>>> print(open('model.cif').read())   # mmCIF, C-alpha atoms and all ligand atoms
data_structure
loop_
_atom_site.label_atom_id
_atom_site.label_comp_id
_atom_site.auth_asym_id
_atom_site.auth_seq_id
_atom_site.Cartn_x
_atom_site.Cartn_y
_atom_site.Cartn_z
CA MET A 8 0.00 0.00 0.00
CA THR A 9 1.19 3.52 -0.68
CA LEU A 10 1.38 6.37 1.76
CA GLN A 11 -0.81 9.32 1.03
CA HIS A 12 1.31 12.04 -0.44
CA CYS A 13 2.01 14.83 1.98
CA THR A 14 1.83 18.32 0.62
CA ALA A 15 0.51 20.50 3.40
CA ALA A 16 0.95 20.86 7.13
CA PRO A 17 -0.92 18.19 9.10
CA GLU A 18 -4.57 18.98 9.27
CA VAL A 19 -5.74 19.58 12.83
CA PRO A 20 -9.43 18.88 13.36
CA ALA A 21 -10.72 22.03 15.06
CA LEU A 22 -14.17 20.87 16.02
CA ARG A 23 -14.96 21.22 19.72
CA LEU A 24 -11.31 20.93 20.60
CA SER A 25 -11.52 22.79 23.85
CA LEU A 26 -8.39 21.36 25.47
CA SER A 27 -5.15 22.24 23.77
CA ASP A 28 -2.62 19.69 22.58
CA ASP A 29 -0.21 20.96 25.23
CA ILE A 30 -2.66 20.24 28.03
CA LEU A 31 -3.26 16.71 26.75
CA ARG A 32 0.51 16.15 26.46
CA GLU A 33 0.96 17.42 30.00
CA ALA A 34 -1.74 15.02 31.25
CA ALA A 35 0.05 12.08 29.63
CA ARG A 36 3.39 13.16 31.07
CA ARG A 37 2.15 13.75 34.62
CA PHE A 38 -0.43 11.01 35.03
CA GLY A 39 0.71 8.35 32.54
CA THR A 40 -1.34 6.67 29.83
CA PRO A 41 -4.01 5.69 29.36
CA CYS A 42 -5.76 8.50 31.25
CA TRP A 43 -9.07 10.34 31.05
CA VAL A 44 -9.05 14.12 30.88
CA TYR A 45 -12.19 16.26 31.39
CA ASP A 46 -12.67 19.93 30.70
CA ALA A 47 -14.67 21.63 33.46
CA ALA A 48 -15.41 24.66 31.29
CA ASP A 49 -17.19 22.49 28.73
CA ILE A 50 -19.40 20.92 31.42
CA ARG A 51 -20.24 24.35 32.88
CA ARG A 52 -21.22 25.63 29.46
CA ARG A 53 -23.55 22.66 28.99
CA VAL A 54 -25.28 23.17 32.33
CA ALA A 55 -25.81 26.86 31.57
CA SER A 56 -27.38 25.99 28.21
CA LEU A 57 -30.24 24.17 30.00
CA ALA A 58 -31.56 27.24 31.81
CA GLY A 59 -35.33 27.20 31.40
CA PHE A 60 -35.85 23.78 32.92
CA ASP A 61 -36.93 23.93 36.56
CA VAL A 62 -34.71 21.03 37.57
CA ILE A 63 -31.66 19.64 35.78
CA ARG A 64 -31.18 16.14 37.12
CA TYR A 65 -27.88 14.61 36.02
CA ALA A 66 -28.00 10.90 35.13
CA GLN A 67 -24.71 10.10 36.84
CA LYS A 68 -24.30 6.70 35.20
CA ALA A 69 -22.81 8.66 32.29
CA ASN A 70 -19.87 9.63 34.50
CA SER A 71 -20.17 9.27 38.24
CA ASN A 72 -16.83 10.67 39.40
CA ILE A 73 -17.47 12.29 42.79
CA HIS A 74 -15.53 15.41 41.84
CA LEU A 75 -17.71 15.97 38.79
CA LEU A 76 -20.80 15.40 40.95
CA ARG A 77 -19.52 18.01 43.42
CA MET A 78 -19.00 20.49 40.63
CA LEU A 79 -22.50 19.88 39.26
CA ARG A 80 -24.04 20.09 42.73
CA ALA A 81 -22.38 23.46 43.25
CA MET A 82 -24.12 24.60 40.06
CA GLY A 83 -27.51 23.57 41.41
CA VAL A 84 -27.82 20.35 39.40
CA ALA A 85 -29.75 17.48 41.06
CA VAL A 86 -28.84 13.84 40.47
CA ASP A 87 -30.20 10.40 39.60
CA ALA A 88 -28.89 7.19 41.15
CA VAL A 89 -29.49 3.79 39.58
CA SER A 90 -27.71 1.60 42.15
CA LEU A 91 -26.67 1.54 45.78
CA GLY A 92 -23.21 2.60 44.66
CA GLU A 93 -24.56 5.66 42.89
CA ILE A 94 -26.60 6.62 45.98
CA GLU A 95 -23.41 6.50 48.07
CA ARG A 96 -21.52 8.50 45.42
CA ALA A 97 -24.16 11.22 45.47
CA LEU A 98 -23.98 11.40 49.27
CA ALA A 99 -20.17 11.48 49.17
CA ALA A 100 -20.41 14.38 46.72
CA GLY A 101 -22.51 16.36 49.20
CA TYR A 102 -26.06 15.70 48.00
CA SER A 103 -28.26 15.50 51.10
CA GLY A 104 -30.81 12.88 50.12
CA ALA A 105 -32.88 14.41 52.95
CA PRO A 106 -36.63 13.76 52.87
CA GLY A 107 -38.22 16.58 50.90
CA ALA A 108 -34.93 17.66 49.29
CA HIS A 109 -35.49 15.51 46.20
CA ASP A 110 -31.88 16.20 45.21
CA ILE A 111 -31.32 12.45 44.70
CA VAL A 112 -33.88 10.26 42.92
CA PHE A 113 -33.39 6.51 42.72
CA ALA A 114 -34.24 5.42 39.18
CA SER A 115 -34.10 1.79 38.21
CA ASP A 116 -36.20 -1.04 36.84
CA ILE A 117 -35.85 -3.10 39.99
CA LEU A 118 -35.21 -2.57 43.69
CA ASP A 119 -32.45 -4.93 44.73
CA ARG A 120 -32.45 -5.58 48.46
CA GLY A 121 -29.49 -3.36 49.29
CA SER A 122 -30.86 -0.38 47.37
CA LEU A 123 -34.35 -0.87 48.82
CA ALA A 124 -33.02 -0.76 52.38
CA ARG A 125 -31.01 2.42 51.73
CA VAL A 126 -33.81 4.14 49.81
CA VAL A 127 -36.20 3.46 52.68
CA GLU A 128 -33.67 4.55 55.31
CA LEU A 129 -33.04 7.87 53.55
CA GLY A 130 -36.57 8.41 52.20
CA LEU A 131 -35.22 8.87 48.66
CA PRO A 132 -37.89 9.32 45.97
CA VAL A 133 -37.97 6.34 43.62
CA ASN A 134 -38.62 6.53 39.90
CA VAL A 135 -40.45 3.25 39.41
CA GLY A 136 -39.80 1.07 36.35
CA SER A 137 -41.70 -2.12 37.23
CA PRO A 138 -44.94 -2.78 39.18
CA GLN A 139 -43.19 -4.92 41.78
CA MET A 140 -41.13 -1.92 42.84
CA LEU A 141 -44.39 -0.28 43.98
CA SER A 142 -45.43 -3.25 46.12
CA GLN A 143 -41.93 -3.85 47.52
CA LEU A 144 -41.49 -0.19 48.38
CA GLY A 145 -45.05 0.19 49.60
CA GLU A 146 -44.71 -2.75 51.99
CA ALA A 147 -41.39 -1.51 53.37
CA SER A 148 -42.26 2.18 53.42
CA PRO A 149 -45.92 3.18 53.13
CA GLY A 150 -46.33 6.76 51.94
CA HIS A 151 -42.95 6.79 50.18
CA PRO A 152 -42.51 9.38 47.38
CA VAL A 153 -42.50 7.86 43.88
CA TRP A 154 -42.33 8.83 40.24
CA LEU A 155 -43.69 6.58 37.51
CA ARG A 156 -41.46 5.97 34.52
CA ILE A 157 -43.84 5.38 31.64
CA ASN A 158 -43.08 3.43 28.48
CA PRO A 159 -45.54 5.15 26.13
CA GLY A 160 -45.40 2.31 23.58
CA PHE A 161 -42.71 3.70 21.34
CA GLY A 162 -39.10 4.62 21.76
CA SER A 163 -35.88 5.56 20.17
CA GLY A 164 -32.26 4.70 20.65
CA PHE A 165 -29.37 4.28 18.31
CA SER A 166 -29.12 0.51 18.54
CA ARG A 167 -31.03 -2.51 19.78
CA LYS A 168 -29.05 -2.18 22.98
CA THR A 169 -30.18 1.38 23.65
CA ASN A 170 -33.94 1.19 23.10
CA THR A 171 -35.58 3.32 25.75
CA GLY A 172 -39.22 2.60 24.91
CA GLY A 173 -41.52 0.42 22.82
CA GLU A 174 -42.35 -3.27 23.04
CA TRP A 175 -38.76 -4.44 23.10
CA SER A 176 -37.52 -2.16 25.84
CA LYS A 177 -36.99 -3.44 29.37
CA HIS A 178 -37.49 0.05 30.77
CA GLY A 179 -40.45 1.59 32.47
CA LEU A 180 -44.12 0.79 33.03
CA TRP A 181 -46.05 -0.25 29.93
CA HIS A 182 -48.63 2.46 29.26
CA GLU A 183 -51.55 0.02 29.08
CA THR A 184 -50.81 -1.30 32.59
CA LEU A 185 -50.69 2.05 34.36
CA HIS A 186 -54.11 1.60 35.98
CA GLU A 187 -52.68 -1.36 37.93
CA CYS A 188 -49.77 0.81 39.02
CA TYR A 189 -52.12 3.54 40.17
CA ASP A 190 -54.02 0.89 42.17
CA LEU A 191 -50.74 -0.06 43.88
CA VAL A 192 -49.96 3.60 44.60
CA ARG A 193 -53.38 3.90 46.22
CA LEU A 194 -53.11 0.61 48.11
CA HIS A 195 -49.81 1.59 49.71
CA ARG A 196 -50.68 5.29 50.03
CA LEU A 197 -47.53 6.08 48.10
CA LYS A 198 -46.97 9.76 47.35
CA LEU A 199 -46.99 10.20 43.57
CA VAL A 200 -44.61 13.08 42.81
CA GLY A 201 -44.53 13.00 39.05
CA LEU A 202 -44.60 11.24 35.70
CA HIS A 203 -41.47 10.53 33.72
CA MET A 204 -40.66 9.44 30.16
CA HIS A 205 -37.12 8.79 29.01
CA ILE A 206 -37.40 8.12 25.31
CA GLY A 207 -34.31 9.82 24.00
CA SER A 208 -36.15 11.94 21.49
CA GLY A 209 -33.70 14.81 21.57
CA ALA A 210 -32.84 15.17 17.92
CA ASP A 211 -36.00 13.91 16.25
CA PHE A 212 -38.72 16.53 16.51
CA ASP A 213 -41.55 14.31 15.24
CA GLN A 214 -40.67 11.85 17.94
CA LEU A 215 -40.40 14.68 20.48
CA ARG A 216 -43.91 15.82 19.60
CA ARG A 217 -45.18 12.26 20.14
CA VAL A 218 -43.48 12.06 23.53
CA CYS A 219 -44.84 15.43 24.61
CA ASP A 220 -48.36 14.51 23.46
CA ALA A 221 -48.12 11.18 25.28
CA MET A 222 -46.98 12.95 28.46
CA ALA A 223 -49.78 15.51 28.29
CA ALA A 224 -52.31 12.68 27.78
CA GLU A 225 -50.94 10.66 30.71
CA VAL A 226 -51.13 13.68 33.01
CA ARG A 227 -54.80 14.04 32.09
CA ARG A 228 -55.43 10.32 32.64
CA CYS A 229 -53.57 10.21 35.94
CA PRO A 230 -56.00 9.85 38.88
CA PHE A 231 -53.63 11.68 41.26
CA ASP A 232 -52.52 15.25 41.61
CA ILE A 233 -48.83 15.48 40.70
CA GLN A 234 -46.15 18.13 41.20
CA ALA A 235 -43.72 17.42 38.38
CA ILE A 236 -43.06 15.93 34.97
CA SER A 237 -39.73 14.76 33.63
CA ALA A 238 -38.57 14.82 30.02
CA GLY A 239 -35.92 12.20 30.77
CA GLY A 240 -32.55 12.38 29.08
CA GLY A 241 -31.40 11.40 25.63
CA LEU A 242 -30.18 14.78 24.37
CA PRO A 243 -27.67 13.92 21.64
CA ILE A 244 -24.20 15.38 21.26
CA PRO A 245 -22.03 15.67 18.18
CA TYR A 246 -19.48 12.87 17.76
CA ARG A 247 -18.68 13.17 14.05
CA ASP A 248 -17.44 16.29 12.34
CA THR A 249 -20.69 16.28 10.37
CA ASP A 250 -22.95 16.03 13.47
CA VAL A 251 -24.70 19.21 14.51
CA GLU A 252 -25.66 20.45 17.97
CA ILE A 253 -29.27 19.84 18.98
CA ASP A 254 -31.70 22.75 18.57
CA LEU A 255 -32.29 23.28 22.29
CA SER A 256 -34.72 26.14 21.88
CA ALA A 257 -37.16 23.94 19.95
CA TYR A 258 -36.74 21.19 22.54
CA ARG A 259 -37.38 23.65 25.35
CA THR A 260 -40.45 25.10 23.63
CA HIS A 261 -42.08 21.68 23.19
CA TRP A 262 -41.60 20.77 26.80
CA ALA A 263 -42.67 24.17 28.11
CA ALA A 264 -45.94 23.72 26.19
CA THR A 265 -46.37 20.27 27.75
CA ARG A 266 -45.81 21.73 31.21
CA ALA A 267 -48.35 24.47 30.47
CA SER A 268 -50.91 21.84 29.45
CA ALA A 269 -50.26 19.92 32.68
CA GLU A 270 -50.60 23.10 34.74
CA GLU A 271 -53.85 23.97 33.06
CA HIS A 272 -55.25 20.51 33.78
CA LEU A 273 -54.05 20.38 37.39
CA GLY A 274 -54.71 24.00 38.24
CA HIS A 275 -51.32 24.66 39.81
CA ALA A 276 -47.64 25.07 38.94
CA VAL A 277 -45.83 21.94 37.71
CA SER A 278 -42.07 21.51 37.87
CA LEU A 279 -40.39 20.49 34.58
CA GLU A 280 -37.35 18.27 34.98
CA ILE A 281 -34.80 17.25 32.42
CA GLU A 282 -32.45 14.32 33.05
CA PRO A 283 -29.45 14.45 30.79
CA GLY A 284 -26.36 12.29 31.11
CA ARG A 285 -24.40 12.34 27.86
CA TYR A 286 -25.29 15.95 27.02
CA LEU A 287 -23.67 17.40 30.14
CA VAL A 288 -20.36 15.54 30.04
CA GLY A 289 -19.91 13.69 26.74
CA ASN A 290 -17.99 16.27 24.73
CA SER A 291 -15.88 17.31 27.74
CA GLY A 292 -13.79 14.14 27.90
CA TYR A 293 -10.68 12.72 26.25
CA LEU A 294 -8.98 9.37 26.53
CA VAL A 295 -5.25 9.89 26.10
CA SER A 296 -3.28 6.79 25.13
CA GLU A 297 0.21 6.10 23.87
CA VAL A 298 0.91 4.45 20.52
CA ARG A 299 3.05 1.39 21.29
CA ALA A 300 3.10 -0.44 17.96
CA ARG A 301 2.31 0.02 14.27
CA LYS A 302 2.21 -2.50 11.50
CA SER A 303 1.00 -3.32 8.05
CA VAL A 304 -1.38 -6.28 7.95
CA GLY A 305 -2.00 -7.19 4.36
CA GLU A 306 -3.62 -4.13 2.85
CA ASN A 307 -4.38 -2.60 6.23
CA TRP A 308 -2.39 -0.29 8.45
CA PHE A 309 -2.79 -0.82 12.21
CA ILE A 310 -1.70 1.22 15.15
CA LEU A 311 -1.90 -0.32 18.61
CA ALA A 312 -2.40 1.92 21.64
CA ASP A 313 -2.09 1.21 25.35
CA ALA A 314 -5.86 1.72 25.88
CA GLY A 315 -8.26 -1.16 25.24
CA PHE A 316 -11.98 -1.81 25.31
CA ASN A 317 -11.66 -2.45 29.02
CA ASP A 318 -11.09 1.34 29.16
CA LEU A 319 -13.32 2.55 26.30
CA MET A 320 -16.03 0.02 25.62
CA ARG A 321 -18.47 1.95 23.41
CA PRO A 322 -16.96 1.04 20.02
CA ALA A 323 -16.80 -2.69 20.83
CA MET A 324 -20.20 -2.70 22.53
CA TYR A 325 -22.28 -0.47 20.24
CA GLY A 326 -20.06 0.27 17.24
CA SER A 327 -19.88 3.85 18.47
CA TYR A 328 -17.70 6.33 16.64
CA HIS A 329 -15.05 8.30 18.52
CA ARG A 330 -12.95 10.78 16.63
CA ILE A 331 -9.25 9.98 17.10
CA GLY A 332 -6.37 12.41 16.84
CA ILE A 333 -2.64 11.66 16.73
CA LEU A 334 -0.58 13.97 18.88
CA GLN A 335 3.15 13.99 18.39
CA ALA A 336 5.00 13.39 21.67
CA GLU A 337 7.23 16.32 20.76
CA PRO A 338 5.49 19.02 18.77
CA SER A 339 7.11 19.57 15.40
CA SER A 340 6.19 21.44 12.29
CA ALA A 341 7.31 18.61 10.02
CA CYS A 342 4.88 17.38 7.44
CA ILE A 343 3.17 14.17 8.59
CA GLU A 344 1.81 11.51 6.27
CA ARG A 345 -1.81 10.46 6.72
CA ARG A 346 -3.11 6.94 6.12
CA PRO A 347 -6.38 5.07 6.55
CA THR A 348 -5.70 3.58 9.98
CA VAL A 349 -7.19 0.80 12.07
CA VAL A 350 -6.78 1.73 15.73
CA ALA A 351 -6.68 -1.20 18.17
CA GLY A 352 -5.77 -1.87 21.78
CA PRO A 353 -3.66 -4.30 23.80
CA LEU A 354 -6.29 -6.85 24.88
CA CYS A 355 -6.06 -10.50 23.96
CA GLU A 356 -9.32 -10.27 22.08
CA ALA A 357 -9.86 -9.80 18.35
CA GLY A 358 -12.67 -7.33 19.06
CA ASP A 359 -10.33 -4.87 20.76
CA VAL A 360 -10.62 -2.43 17.86
CA PHE A 361 -11.83 1.17 18.17
CA THR A 362 -12.49 1.92 14.52
CA VAL A 363 -15.59 -0.20 13.87
CA ASP A 364 -19.15 0.43 12.72
CA LYS A 365 -22.40 -0.74 14.29
CA GLY A 366 -22.18 -4.09 12.56
CA GLY A 367 -18.67 -4.65 13.91
CA VAL A 368 -17.09 -4.05 10.50
CA VAL A 369 -13.67 -2.40 10.72
CA VAL A 370 -13.74 1.14 9.31
CA PRO A 371 -10.30 2.78 9.22
CA GLN A 372 -10.00 6.45 10.14
CA ASP A 373 -7.75 8.73 8.15
CA LEU A 374 -5.00 9.55 10.66
CA ALA A 375 -1.50 10.96 10.79
CA VAL A 376 1.15 8.23 10.82
CA PRO A 377 2.46 8.18 14.40
CA GLU A 378 5.89 7.46 15.76
CA ILE A 379 5.98 5.04 18.66
CA GLY A 380 5.47 7.14 21.78
CA ASP A 381 3.11 9.59 20.09
CA LEU A 382 -0.32 9.94 21.67
CA ALA A 383 -3.61 8.64 20.27
CA VAL A 384 -6.35 10.84 21.69
CA PHE A 385 -9.97 9.66 21.63
CA HIS A 386 -12.43 12.53 21.64
CA ASP A 387 -15.87 12.96 23.22
CA CYS A 388 -15.11 10.44 25.95
CA GLY A 389 -16.86 12.14 28.88
CA ALA A 390 -20.01 9.98 28.92
CA TYR A 391 -20.37 6.19 29.17
CA CYS A 392 -16.61 5.77 28.86
CA ALA A 393 -14.76 5.74 32.20
CA SER A 394 -18.02 4.68 33.89
CA MET A 395 -18.23 1.58 31.67
CA SER A 396 -14.60 0.51 32.08
CA SER A 397 -13.78 -2.97 33.37
CA ASN A 398 -10.79 -4.86 34.70
CA TYR A 399 -10.69 -7.31 31.77
CA ASN A 400 -7.20 -8.73 31.18
CA SER A 401 -6.46 -7.68 34.80
CA ARG A 402 -5.96 -4.07 33.82
CA GLY A 403 -6.55 -1.44 36.48
CA LEU A 404 -8.93 1.47 35.91
CA ALA A 405 -7.19 4.44 34.31
CA PRO A 406 -6.83 7.70 36.25
CA GLU A 407 -9.21 10.61 35.71
CA VAL A 408 -7.96 14.17 35.47
CA LEU A 409 -9.94 17.42 35.52
CA HIS A 410 -8.82 20.56 33.72
CA GLU A 411 -10.20 23.50 35.67
CA ASP A 412 -9.12 27.13 35.96
CA GLY A 413 -6.06 26.51 33.82
CA ALA A 414 -4.71 23.56 35.81
CA LEU A 415 -4.88 19.77 35.69
CA ARG A 416 -5.92 17.96 38.84
CA MET A 417 -6.19 14.21 39.38
CA ILE A 418 -9.75 13.28 40.41
CA ARG A 419 -9.26 9.50 40.45
CA ARG A 420 -5.94 7.76 40.88
CA ARG A 421 -4.92 4.85 38.71
CA GLN A 422 -6.10 1.51 40.11
CA SER A 423 -2.99 -0.52 40.88
CA VAL A 424 -2.54 -4.21 40.28
CA ALA A 425 -2.21 -4.53 44.06
CA ASP A 426 -5.70 -2.97 44.40
CA LEU A 427 -7.03 -5.63 42.06
CA LEU A 428 -5.32 -8.58 43.71
CA ALA A 429 -6.32 -7.48 47.21
CA LEU A 430 -9.93 -8.56 46.65
CA GLU A 431 -8.72 -12.14 46.19
CA LEU A 432 -5.65 -12.19 48.42
CA SER A 433 -7.77 -11.00 51.36
CA CYS A 434 -9.68 -14.29 51.09
CA GLY A 435 -6.80 -16.23 52.62
C1 LIG B 1 -29.49 6.79 31.12
C2 LIG B 1 -30.64 7.60 31.57
C3 LIG B 1 -30.66 8.98 31.34
C4 LIG B 1 -29.57 9.70 30.60
O1 LIG B 1 -29.53 9.36 29.27
P1 LIG B 1 -28.60 10.21 28.27
O2 LIG B 1 -28.86 9.61 26.95
O3 LIG B 1 -27.19 10.04 28.73
O4 LIG B 1 -29.04 11.63 28.39
C5 LIG B 1 -31.72 9.68 31.82
N1 LIG B 1 -32.72 9.08 32.49
C6 LIG B 1 -32.74 7.77 32.73
C7 LIG B 1 -33.85 7.17 33.49
C8 LIG B 1 -31.70 6.99 32.27
O5 LIG B 1 -31.73 5.67 32.51
#
>>> encode(input="model.cif", output="structure tokens", more="lines below")
Ligand SMILES: *Cc1c(COP(=O)(O)O)cnc(C)c1O
Amino acid sequence: MTLQHCTAAPEVPALRLSLSDDILREAARRFGTPCWVYDAADIRRRVASLAGFDVIRYAQKANSNIHLLRMLRAMGVAVDAVSLGEIERALAAGYSGAPGAHDIVFASDILDRGSLARVVELGLPVNVGSPQMLSQLGEASPGHPVWLRINPGFGSGFSRKTNTGGEWSKHGLWHETLHECYDLVRLHRLKLVGLHMHIGSGADFDQLRRVCDAMAAEVRRCPFDIQAISAGGGLPIPYRDTDVEIDLSAYRTHWAATRASAEEHLGHAVSLEIEPGRYLVGNSGYLVSEVRARKSVGENWFILADAGFNDLMRPAMYGSYHRIGILQAEPSSACIERRPTVVAGPLCEAGDVFTVDKGGVVVPQDLAVPEIGDLAVFHDCGAYCASMSSNYNSRGLAPEVLHEDGALRMIRRRQSVADLLALELSCG
């Protein structure tokens, strides 16, 4: 295969590049690779863009680092927890969980025993995703505050694994069974706070209209007075250079009209919540890795980095696209060749490839040819990246670093091999 002929200076993709190359190089030097780097300014800008919603409730599963939660809390953002671990994270970040505060809502499709006990102890409102949650909670804690997460019979989601509604989704209460749920609310004298739909309709305005209409209809059908409605999350972010930012003003207008309809029906003010995960943190994050090998394989050109799908799982799991940039270890103005490049990781697993499509087919990205020791930087890694990492191949979790007020600060240390082994060695 021939190298692409190099005539101009290397092209630097400018899109959304809020952290400079120098900062990313400094992160690699100080904290080692692979490491996650987040830009606080980007997250702040995202929070500010959601003014107009009464409550912004961050779905922390996107990225549950306690230091990010603290930052969001300081900006007045409430939080969702979907497990006992996420409840404890929210508390560690300073959320009160106090009865009546509603700053933490437990949102899940089941109540495992540990979560149930903690939810009851703290009095945390529960966003209910299956009928049994109502009876289990009602028996343990009569009068407990609840939301109902409704599956309105349709959904969206970018793959079979991300369907948030419709007949094939595991999430929420099927709309035709709501009367049984209302009976359970009544039986256990649960306090119904609000109705919730998380369909992920952010970018599709026909779908958004359907969701808003369904919400307005459910509010009218609901036999209880309620205080709030939630639009759920699902606001998309740009990943590809050709992706555009969501039209937030249209989104806001649709939901404001839905709130107005609910207020008219109920005769009092109704709080409008939004529950974004990806939107708040997705574009803020980078995964910085070091290129350790490069090779021709038949017609293909591979580079192998020291990050694997144990770190960044989205490409292997969903065929998600992450823009990749090559950063020279030492900046130079020399002309750099570009080649269609397959980017892979170190795991003993054929699927440890980052440049794949939704069907798992390898799709090379056009990248600068790196020297060994150069950095491969994965962009838009703030959401569902570090929080989905695993210890596969006995690799420790990578450190997380926050860029804030012009400085880099470690917000999670690297997990050592000793940390990993301790779980087993402590068993004698
Ligand atoms: C995951 C989740 C969200 C956030 O989804 P994003 O697509 O990241 O915005 C919001 N609400 C609920 C109930 C969720 O499960």
>>> residues_around(input="model.cif", residues="Arg193 (chain A)", least_positions_apart="2", cutoff="12 Å", atoms="only C-alpha atoms", output="short mmCIF file (atom, residue, chain, number, x, y, z; two decimals) with C-alpha atoms, in the coordinates of the input")
data_model
loop_
_atom_site.label_atom_id
_atom_site.label_comp_id
_atom_site.auth_asym_id
_atom_site.auth_seq_id
_atom_site.Cartn_x
_atom_site.Cartn_y
_atom_site.Cartn_z
CA LEU A 141 -44.39 -0.28 43.98
CA SER A 142 -45.43 -3.25 46.12
CA GLY A 145 -45.05 0.19 49.60
CA PRO A 149 -45.92 3.18 53.13
CA GLY A 150 -46.33 6.76 51.94
CA HIS A 151 -42.95 6.79 50.18
CA VAL A 153 -42.50 7.86 43.88
CA HIS A 186 -54.11 1.60 35.98
CA GLU A 187 -52.68 -1.36 37.93
CA CYS A 188 -49.77 0.81 39.02
CA TYR A 189 -52.12 3.54 40.17
CA ASP A 190 -54.02 0.89 42.17
CA LEU A 191 -50.74 -0.06 43.88
CA HIS A 195 -49.81 1.59 49.71
CA ARG A 196 -50.68 5.29 50.03
CA LEU A 197 -47.53 6.08 48.10
CA LYS A 198 -46.97 9.76 47.35
CA LEU A 199 -46.99 10.20 43.57
CA PRO A 230 -56.00 9.85 38.88
CA PHE A 231 -53.63 11.68 41.26
#
>>> residues_near_ligand(input="model.cif", ligand="ligand LIG 1 (chain B)", cutoff="10 Å", atoms="only C-alpha atoms and all ligand atoms", output="mmCIF file with C-alpha atoms, in the coordinates of the input")
data_model
loop_
_atom_site.group_PDB
_atom_site.id
_atom_site.type_symbol
_atom_site.label_atom_id
_atom_site.label_comp_id
_atom_site.auth_asym_id
_atom_site.auth_seq_id
_atom_site.Cartn_x
_atom_site.Cartn_y
_atom_site.Cartn_z
ATOM 1 C CA ARG A 64 -31.180 16.140 37.120
ATOM 2 C CA TYR A 65 -27.880 14.610 36.020
ATOM 3 C CA ALA A 66 -28.000 10.900 35.130
ATOM 4 C CA GLN A 67 -24.710 10.100 36.840
ATOM 5 C CA LYS A 68 -24.300 6.700 35.200
ATOM 6 C CA ALA A 69 -22.810 8.660 32.290
ATOM 7 C CA ASN A 70 -19.870 9.630 34.500
ATOM 8 C CA ASP A 87 -30.200 10.400 39.600
ATOM 9 C CA ALA A 88 -28.890 7.190 41.150
ATOM 10 C CA VAL A 89 -29.490 3.790 39.580
ATOM 11 C CA VAL A 112 -33.880 10.260 42.920
ATOM 12 C CA PHE A 113 -33.390 6.510 42.720
ATOM 13 C CA ALA A 114 -34.240 5.420 39.180
ATOM 14 C CA SER A 115 -34.100 1.790 38.210
ATOM 15 C CA ASP A 116 -36.200 -1.040 36.840
ATOM 16 C CA ASN A 134 -38.620 6.530 39.900
ATOM 17 C CA VAL A 135 -40.450 3.250 39.410
ATOM 18 C CA GLY A 136 -39.800 1.070 36.350
ATOM 19 C CA ARG A 156 -41.460 5.970 34.520
ATOM 20 C CA GLY A 164 -32.260 4.700 20.650
ATOM 21 C CA THR A 169 -30.180 1.380 23.650
ATOM 22 C CA THR A 171 -35.580 3.320 25.750
ATOM 23 C CA HIS A 178 -37.490 0.050 30.770
ATOM 24 C CA GLY A 179 -40.450 1.590 32.470
ATOM 25 C CA HIS A 203 -41.470 10.530 33.720
ATOM 26 C CA MET A 204 -40.660 9.440 30.160
ATOM 27 C CA HIS A 205 -37.120 8.790 29.010
ATOM 28 C CA ILE A 206 -37.400 8.120 25.310
ATOM 29 C CA GLY A 207 -34.310 9.820 24.000
ATOM 30 C CA SER A 208 -36.150 11.940 21.490
ATOM 31 C CA GLY A 209 -33.700 14.810 21.570
ATOM 32 C CA SER A 237 -39.730 14.760 33.630
ATOM 33 C CA ALA A 238 -38.570 14.820 30.020
ATOM 34 C CA GLY A 239 -35.920 12.200 30.770
ATOM 35 C CA GLY A 240 -32.550 12.380 29.080
ATOM 36 C CA GLY A 241 -31.400 11.400 25.630
ATOM 37 C CA LEU A 242 -30.180 14.780 24.370
ATOM 38 C CA PRO A 243 -27.670 13.920 21.640
ATOM 39 C CA ILE A 244 -24.200 15.380 21.260
ATOM 40 C CA ILE A 281 -34.800 17.250 32.420
ATOM 41 C CA GLU A 282 -32.450 14.320 33.050
ATOM 42 C CA PRO A 283 -29.450 14.450 30.790
ATOM 43 C CA GLY A 284 -26.360 12.290 31.110
ATOM 44 C CA ARG A 285 -24.400 12.340 27.860
ATOM 45 C CA TYR A 286 -25.290 15.950 27.020
ATOM 46 C CA LEU A 287 -23.670 17.400 30.140
ATOM 47 C CA VAL A 288 -20.360 15.540 30.040
ATOM 48 C CA GLY A 289 -19.910 13.690 26.740
ATOM 49 C CA ALA A 390 -20.010 9.980 28.920
ATOM 50 C CA TYR A 391 -20.370 6.190 29.170
#
>>> residues_around(input="model.cif", residues="Ala223 (chain A)", least_positions_apart="5", cutoff="12 Å", atoms="only C-alpha atoms", output="VMD selection string")
chain A and resid 159 202 to 204 216 to 218 228 to 229 235 to 238 261 to 273
>>> closest_residue(input="model.cif", among="A:Leu129, A:Leu428, A:Ala414, A:Ala97", to="Ile30 (chain A)", atoms="all atoms listed in the file")
A:Ala414
>>> residues_near_point(input="model.cif", point="(-9.9, 20.4, 35.4)", cutoff="12 Å", atoms="only C-alpha atoms", output="MDAnalysis selection string")
chainID A and resid 25:26 30:31 34 43:51 74:75 78 291:293 407:418
>>> atom_distance(input="model.cif", atom1="CA of Gly130 (chain A)", atom2="CA of Val62 (chain A)")
19.4 Å
>>> atom_distance(input="model.cif", atom1="CA of Val350 (chain A)", atom2="CA of His386 (chain A)")
13.5 Å
>>> closest_residue(input="model.cif", among="A:Cys355, A:Ala336, A:Val376, A:Ile73", to="Arg301 (chain A)", atoms="all atoms listed in the file")
A:Val376
>>> atom_distance(input="model.cif", atom1="CA of Asp119 (chain A)", atom2="CA of Ser396 (chain A)")
22.5 Å
